[in-house]
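> Below: one structure in structure tokens.
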Amino acid sequence: MKRYQNVLLIVAVILLGALPLWIVEKPAAGPDGEPAEIFAGADDKAKNLIGEIDPDYQPWFAPLIEPASGEIASMLFALQAALGAGFIGYYLGAARTREKMRQENKALQELKEVDSRQDRTKEQLIRAD
Amino acid sequence: MHIMEGFLPVKHAIGWGVASVPFVAYGIYSIKKRIAANPEQRILLGVAAAFSFVLSALKIPSVTGSCSHPTGTGLGALLFGPAAMAPIGAVVLLFQALLLAHGGLTTLGANIFSMAIVGPFVAYGVFRLARALNASLAVSVFLAASLADLLTYVTTSVQLAWAFPDPVGGFMASFAKFAGIFAITQIPLAISEGLLTVLIFNALARFNPAELRDMKLSEASEVRA
């Protein structure tokens with residue numbers, strides 16, 4: 001179980017992300033004939049809800065820089081994820097190597113101890129002769 | 001999904017900003033203290049920040065037919081304490097607000113409060129509680145990270161409902177509507193975040209048993225298992 005735990009975790013995450021694509025049906029087109037959007041950001045929906053609750057509300061500040069298009073925005077999000085994932089990957093790789101070297105050093109140390117013990121026994125045998 | 005630029009009234013924007021500042025300041029202090037005492041943990045702090053970077057970039061479809069993203073703050077809260085995540089979350093939010101027009105500068109205080117303060121404190125509290133009740137390390141980490149994620153978006157809903165109470169039903173009616181958008185959408189994502197946090201925890205525990213033990217997160221026997 002422990003061995004497969006990580007694989008199972010990844011599979012579960014993928015399923016959780018993919019299942020909504022099947023389960024959720026695309027809402028019917030609005031009265032103006034425009035196709036309804038599906039899987040838009042939750043913040044867009046919140047924006048619409050604010051408009052419903054308080055139609056007079058005007059946002060009083062606009063983003064300083066807005067990605068010029070959806071493509072550019074997705075590039076920046078990919079960059080964000082890549083930077084983070086790269087760092088985590090580097091760390092895990094370094095930690096793995098460190099742990100491996102620690103194990104090897106330990107094994108080497110034990111080997112040396114065994115050697116020196118054998119040497120001592122030999123010396124004792126020689127002296128006994 | 002954070003509150004968008006300009007979508008909190010000025011008073012609320014300032015209020016949440018003022019409420020967040022002491023947490024961020026104390027967080028910076030606690031990180032400095034921690035790193036001064038354990039310089040070798042610096043890179044692990046980077047990992048906690050990187051994890052939050054990755055997770056908050058992933059917009060995942062959910063059962064409500066809209067997309068949202070996890071927060072990734074649970075891991076850092078468990079490794080470095082809840083306060084440490086306030087400045088780290090603030091950096092992530094600032095990056096998204098400045099470059100991606102996601103969230104915003106005027107709503108930064110409110111978004112820091114929900115994602116980088118409430119979330120991490122929930123994670124820390126749930127983890128301690130679960131461990132006290134003898135839950136296994138994996139279960140405790142899962143519960144901590146997923147509830148932190150979920151409560152972050154419940155907080156966002158509270159913030160918006162407070163600023164925009166329903167003309168008829170008041171705060172509660174408005175909260176129900178916002179929670180319907182943010183919190184319900186977040187449920188499967190919160191589960192995903194819990195699972196992913198267990199995944200990275202497994203990796204950390206495998207290669208850094210000594211460090212996790214020093215952080216008093218796990219018993220020696222569990223780390224080796």
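Labels for the structure tokens follow display order: chains A, B, ..., residues from 1 in each chain, ligands from 1.
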Show which residues sit within 10 Å of region 46-53 of chain A, as a ChimeraX atom specification. Count only C-alpha atoms, and ignore same-chain residues fewer than 4 positions away.
/A:41-42,57-59 /B:1-4,7-8,157,160-161,163-168,174,177-182
> What parts of region 1-127 of chain A does DSSP call helix (DSSP H, G or I)? I'd like the answer as a ChimeraX atom specification.
/A:2-23,42-53,70-127
> Using only C-alpha atoms, what table do you get, as JSON lines, when you list each residue of chain B with an atom no more than 7 Å from chain A, its nearest pair of atoms, and their distance in Å rounded to one decimal, rows by chain then rising number?

{"residue": "B:Met1", "atom": "CA", "partner": "A:Asp43", "partner_atom": "CA", "distance": 5.7}
{"residue": "B:His2", "atom": "CA", "partner": "A:Asp43", "partner_atom": "CA", "distance": 6.6}
{"residue": "B:Ile3", "atom": "CA", "partner": "A:Asp43", "partner_atom": "CA", "distance": 6.8}
{"residue": "B:Glu5", "atom": "CA", "partner": "A:Ala62", "partner_atom": "CA", "distance": 6.0}
{"residue": "B:Gly6", "atom": "CA", "partner": "A:Phe61", "partner_atom": "CA", "distance": 4.4}
{"residue": "B:Phe7", "atom": "CA", "partner": "A:Pro59", "partner_atom": "CA", "distance": 5.2}
{"residue": "B:Val47", "atom": "CA", "partner": "A:Ile88", "partner_atom": "CA", "distance": 5.5}
{"residue": "B:Ala50", "atom": "CA", "partner": "A:Gly84", "partner_atom": "CA", "distance": 4.1}
{"residue": "B:Phe51", "atom": "CA", "partner": "A:Gly84", "partner_atom": "CA", "distance": 6.1}
{"residue": "B:Phe53", "atom": "CA", "partner": "A:Gly84", "partner_atom": "CA", "distance": 5.5}
{"residue": "B:Val54", "atom": "CA", "partner": "A:Ala81", "partner_atom": "CA", "distance": 4.2}
{"residue": "B:Ala57", "atom": "CA", "partner": "A:Phe77", "partner_atom": "CA", "distance": 5.4}
{"residue": "B:Ile60", "atom": "CA", "partner": "A:Gly17", "partner_atom": "CA", "distance": 6.0}
{"residue": "B:Pro61", "atom": "CA", "partner": "A:Gly17", "partner_atom": "CA", "distance": 5.9}
{"residue": "B:Ser62", "atom": "CA", "partner": "A:Pro20", "partner_atom": "CA", "distance": 5.4}
{"residue": "B:Val63", "atom": "CA", "partner": "A:Pro20", "partner_atom": "CA", "distance": 4.9}
{"residue": "B:Gly65", "atom": "CA", "partner": "A:Phe39", "partner_atom": "CA", "distance": 4.9}
{"residue": "B:Ser66", "atom": "CA", "partner": "A:Phe39", "partner_atom": "CA", "distance": 3.8}
{"residue": "B:Cys67", "atom": "CA", "partner": "A:Gly41", "partner_atom": "CA", "distance": 4.7}
{"residue": "B:Ser68", "atom": "CA", "partner": "A:Ala42", "partner_atom": "CA", "distance": 5.8}
{"residue": "B:Leu98", "atom": "CA", "partner": "A:Ile65", "partner_atom": "CA", "distance": 6.6}
{"residue": "B:Leu99", "atom": "CA", "partner": "A:Ile65", "partner_atom": "CA", "distance": 6.4}
{"residue": "B:Leu100", "atom": "CA", "partner": "A:Pro67", "partner_atom": "CA", "distance": 6.1}
{"residue": "B:Ala101", "atom": "CA", "partner": "A:Glu66", "partner_atom": "CA", "distance": 5.2}
{"residue": "B:Gly104", "atom": "CA", "partner": "A:Pro63", "partner_atom": "CA", "distance": 6.5}
{"residue": "B:Phe164", "atom": "CA", "partner": "A:Ile53", "partner_atom": "CA", "distance": 6.8}
{"residue": "B:Asp166", "atom": "CA", "partner": "A:Ile53", "partner_atom": "CA", "distance": 5.8}
{"residue": "B:Pro167", "atom": "CA", "partner": "A:Ile53", "partner_atom": "CA", "distance": 6.9}
{"residue": "B:Phe178", "atom": "CA", "partner": "A:Ala46", "partner_atom": "CA", "distance": 6.7}
{"residue": "B:Ile181", "atom": "CA", "partner": "A:Ala42", "partner_atom": "CA", "distance": 6.3}
{"residue": "B:Phe182", "atom": "CA", "partner": "A:Ala42", "partner_atom": "CA", "distance": 6.3}
{"residue": "B:Pro188", "atom": "CA", "partner": "A:Leu16", "partner_atom": "CA", "distance": 6.2}
{"residue": "B:Ser192", "atom": "CA", "partner": "A:Val13", "partner_atom": "CA", "distance": 5.1}
{"residue": "B:Leu195", "atom": "CA", "partner": "A:Leu9", "partner_atom": "CA", "distance": 5.8}
{"residue": "B:Leu199", "atom": "CA", "partner": "A:Asn6", "partner_atom": "CA", "distance": 6.0}
{"residue": "B:Phe207", "atom": "CA", "partner": "A:Arg96", "partner_atom": "CA", "distance": 5.5}
{"residue": "B:Asn208", "atom": "CA", "partner": "A:Ala95", "partner_atom": "CA", "distance": 6.9}
> Run DSSP on the backbone and grab whatever in region 6-207 of chain B lands in strand (DSSP E); send it over as number ranges by chain.
B: 60-61, 66-68
> Do a neighbour search on Ser114 (chain B) at 6 Å with only C-alpha atoms, toss out local chain neighbours closer than 3 positions, and write the hits as JSON, numbers by chain.
{"B": [111, 117, 118, 152, 155]}
> Measure the distance from CA of Leu189 (chain B) to CA of His69 (chain B) in Å and round it to one decimal.
6.9 Å
> Got a sec: who's within 7 Å of Leu55 (chain B), counting only C-alpha atoms, leaving out chain neighbours fewer than 3 positions off, as a list of chain:residue names?
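The contact residues come out as B:Phe51, B:Ser52, B:Leu58, B:His69, B:Pro70, B:Thr71, B:Gly72.
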> Please indicate the distance in Å from CA of Val21 (chain B) to CA of Gln159 (chain B), rounded to one decimal place.
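Computing the Euclidean distance for CA of Val21 (chain B) and CA of Gln159 (chain B) yields 16.9 Å.
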> Could you work out how far CA of Ile35 (chain B) lies from CA of Ile88 (chain B), giving the answer in Å with one decimal?
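Interatomic distance, CA of Ile88 (chain B) to CA of Ile35 (chain B): 14.3 Å.
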> Within 8 Å of Ala48 (chain B), counting only C-alpha atoms, which residues show up once you throw out same-chain ones fewer than 6 positions away? Write them as a PDB file with N, CA, C and O atoms, in the first residue's frame, please.

ATOM      1  N   THR B  73      -0.743  26.750   0.782  1.00  0.00           N
ATOM      2  CA  THR B  73      -0.168  27.361   1.980  1.00  0.00           C
ATOM      3  C   THR B  73      -0.058  26.383   3.150  1.00  0.00           C
ATOM      4  O   THR B  73       0.639  26.658   4.123  1.00  0.00           O
ATOM      5  N   LEU B  75       1.395  23.395   3.409  1.00  0.00           N
ATOM      6  CA  LEU B  75       2.720  22.801   3.596  1.00  0.00           C
ATOM      7  C   LEU B  75       3.632  23.707   4.421  1.00  0.00           C
ATOM      8  O   LEU B  75       4.224  23.275   5.420  1.00  0.00           O
ATOM      9  N   GLY B  76       3.730  24.965   3.990  1.00  0.00           N
ATOM     10  CA  GLY B  76       4.610  25.893   4.687  1.00  0.00           C
ATOM     11  C   GLY B  76       4.174  26.122   6.130  1.00  0.00           C
ATOM     12  O   GLY B  76       5.007  26.252   7.028  1.00  0.00           O
ATOM     13  N   LEU B  79       5.448  23.259   8.129  1.00  0.00           N
ATOM     14  CA  LEU B  79       6.905  23.207   8.277  1.00  0.00           C
ATOM     15  C   LEU B  79       7.437  24.360   9.117  1.00  0.00           C
ATOM     16  O   LEU B  79       8.348  24.181   9.918  1.00  0.00           O
TER      17      LEU B  79
END
> Using only C-alpha atoms, determine which residues lie at most 10 Å from Ala77 (chain B), disregarding the query and same-chain residues fewer than 4 positions distant; provide the list as a PyMOL selection string.
chain B and resi 48+72-73+81-86+116-117+119-125+127+144-145+148
> Residues at most 12 Å from Leu143 (chain B), counting only C-alpha atoms, excluding those fewer than 6 positions away in the same chain, as a VMD selection string?
chain B and resid 74 to 75 78 122 to 131 135 to 137 149 to 151 190 to 198
